[in-house]
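K.L.:
Have a peek at data-v2.csv (CSV, C-alpha atoms).
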chain,number,residue,atom,x,y,z
A,28,MET,CA,114.4,115.2,128.2
A,29,THR,CA,111.4,114.9,125.9
A,30,GLU,CA,109.4,111.7,125.2
A,31,GLN,CA,111.1,111.2,121.9
A,32,GLU,CA,114.6,111.1,123.5
A,33,LYS,CA,113.6,108.3,125.9
A,34,LYS,CA,112.9,105.8,123.2
A,35,TRP,CA,115.5,103.5,121.6
A,36,ILE,CA,115.3,102.8,117.9
A,37,HIS,CA,116.5,99.4,116.6
A,38,GLU,CA,116.3,97.6,113.3
A,39,GLY,CA,115.0,94.1,113.0
A,40,VAL,CA,113.3,91.5,110.8
A,41,ILE,CA,109.7,90.3,111.1
A,42,THR,CA,109.7,86.6,111.9
A,43,GLU,CA,106.0,85.9,112.6
A,44,SER,CA,102.7,87.6,111.9
A,45,LEU,CA,100.2,87.6,114.8
A,46,PRO,CA,96.6,88.9,115.0
A,47,ASN,CA,95.6,92.5,115.4
A,48,GLY,CA,98.6,94.1,113.8
A,49,MET,CA,101.2,92.5,116.1
A,50,PHE,CA,104.4,90.8,114.9
A,51,ARG,CA,107.4,88.9,116.3
A,52,VAL,CA,110.5,90.9,115.5
A,53,ARG,CA,114.1,89.7,115.8
A,54,LEU,CA,116.3,92.7,116.4
A,55,ASP,CA,119.8,93.1,115.1
A,56,ASN,CA,121.1,92.2,118.6
A,57,ASP,CA,119.2,88.9,118.4
A,58,ASP,CA,116.5,89.9,120.9
A,59,LEU,CA,113.0,88.6,120.1
A,60,ILE,CA,110.3,91.2,120.9
A,61,LEU,CA,106.6,91.8,120.3
A,62,GLY,CA,106.1,94.6,117.8
A,63,TYR,CA,102.8,96.4,117.0
A,64,ILE,CA,102.1,98.7,114.1
A,65,SER,CA,102.2,102.5,114.7
A,66,GLY,CA,99.2,104.6,113.8
A,67,LYS,CA,100.9,106.2,110.8
A,68,ILE,CA,101.7,102.9,109.2
A,69,ARG,CA,98.1,101.6,109.9
A,70,ARG,CA,96.6,104.8,108.4
A,71,SER,CA,98.8,104.6,105.3
A,72,PHE,CA,97.8,100.9,104.7
A,73,ILE,CA,101.5,99.8,104.5
A,74,ARG,CA,101.7,96.0,104.3
A,75,ILE,CA,104.2,94.3,106.6
A,76,LEU,CA,105.0,90.6,106.0
A,77,PRO,CA,107.4,88.1,107.5
A,78,GLY,CA,110.9,88.7,106.2
A,79,ASP,CA,110.5,92.5,106.0
A,80,LYS,CA,113.2,94.7,107.7
A,81,VAL,CA,111.6,97.3,110.0
A,82,LYS,CA,112.6,100.1,112.5
A,83,VAL,CA,111.2,99.5,115.9
A,84,GLU,CA,110.9,102.1,118.7
A,85,VAL,CA,111.5,100.4,122.1
A,86,SER,CA,110.8,101.9,125.5
A,87,PRO,CA,113.6,101.5,128.1
A,88,TYR,CA,111.0,100.5,130.7
A,89,ASP,CA,109.7,97.4,128.8
A,90,LEU,CA,112.3,95.8,126.5
A,91,THR,CA,109.9,93.0,125.4
A,92,LYS,CA,107.5,95.3,123.3
A,93,GLY,CA,108.1,97.9,120.7
A,94,ARG,CA,106.3,100.0,118.1
A,95,ILE,CA,107.0,99.4,114.4
A,96,ILE,CA,107.5,102.9,113.0
A,97,TYR,CA,109.1,102.3,109.6
A,98,ARG,CA,109.3,99.5,107.0
A,99,LEU,CA,112.7,99.6,105.2
A,100,PRO,CA,112.7,99.2,101.4
A,101,LYS,CA,113.6,95.8,100.0
A,102,LYS,CA,117.0,95.4,98.3
A,103,ASP,CA,116.6,94.3,94.7
A,104,SER,CA,119.0,91.5,93.9
A,105,LYS,CA,120.1,91.9,90.3
A,106,ASP,CA,122.5,89.0,90.1
Show how you would write the structure in this file as structure tokens.

P.N.:
Amino acid sequence: MTEQEKKWIHEGVITESLPNGMFRVRLDNDDLILGYISGKIRRSFIRILPGDKVKVEVSPYDLTKGRIIYRLPKKDSKD
């Protein structure tokens, strides 16, 4: 098994912005974890704000922390 197969990927919503690129993320299964920005997102200057949907990579060894690997595009409401 490689390193990539050991990680679990969840989707969640940013609930709170913390210092140094850290965020509180509420996952789809209602767990609240601490997420930090991956290097690719930091290098691309992608802005992440509270309310954004993100993909988080969580290690099975520590389920309270995860790495934010992708910010999902916002849905435009044309009502």

K.L.:
Give me, please, the distance in Å between CA of Leu45 in chain A and CA of Asp58 in chain A, quoted to one decimal.

P.N.:
17.6 Å

K.L.:
Could you check which of A:His37, A:Tyr97, A:Ser86, A:Thr91 is closest to Ile73 in chain A, using all atoms listed in the file?

P.N.:
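Among the listed residues, A:Tyr97 lies closest to Ile73 in chain A.
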
K.L.:
Between CA of Phe72 in chain A and CA of Ile36 in chain A, what is the distance, to one decimal in Å?

P.N.:
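Going from CA of Phe72 in chain A over to CA of Ile36 in chain A covers 22.0 Å.
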
K.L.:
Residues at most 9 Å from Glu84 in chain A, counting all atoms listed in the file, excluding those fewer than 6 positions away in the same chain, as a PyMOL selection string?

P.N.:
chain A and resi 34-38+62+92-96

K.L.:
Which distance in Å separates CA of Leu61 in chain A and CA of Val83 in chain A, to one decimal?

P.N.:
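If I compute the distance from CA of Leu61 in chain A to CA of Val83 in chain A, I get 10.0 Å.
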
K.L.:
Looking at A:Leu54, A:Val85, A:Ile75, A:Ile64, which one is nearest to Lys33 in chain A, with distances taken over all atoms listed in the file?

P.N.:
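Using all atoms listed in the file, Lys33 in chain A sits closest to A:Val85.
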
K.L.:
So that I can see what lies close to Asn47 in chain A, please list as a list of chain:residue names the residues with an atom at most 10 Å from it, counting all atoms listed in the file and leaving out residues fewer than 3 positions away in the same chain.

P.N.:
A:Ser44, A:Phe50, A:Tyr63, A:Ile64
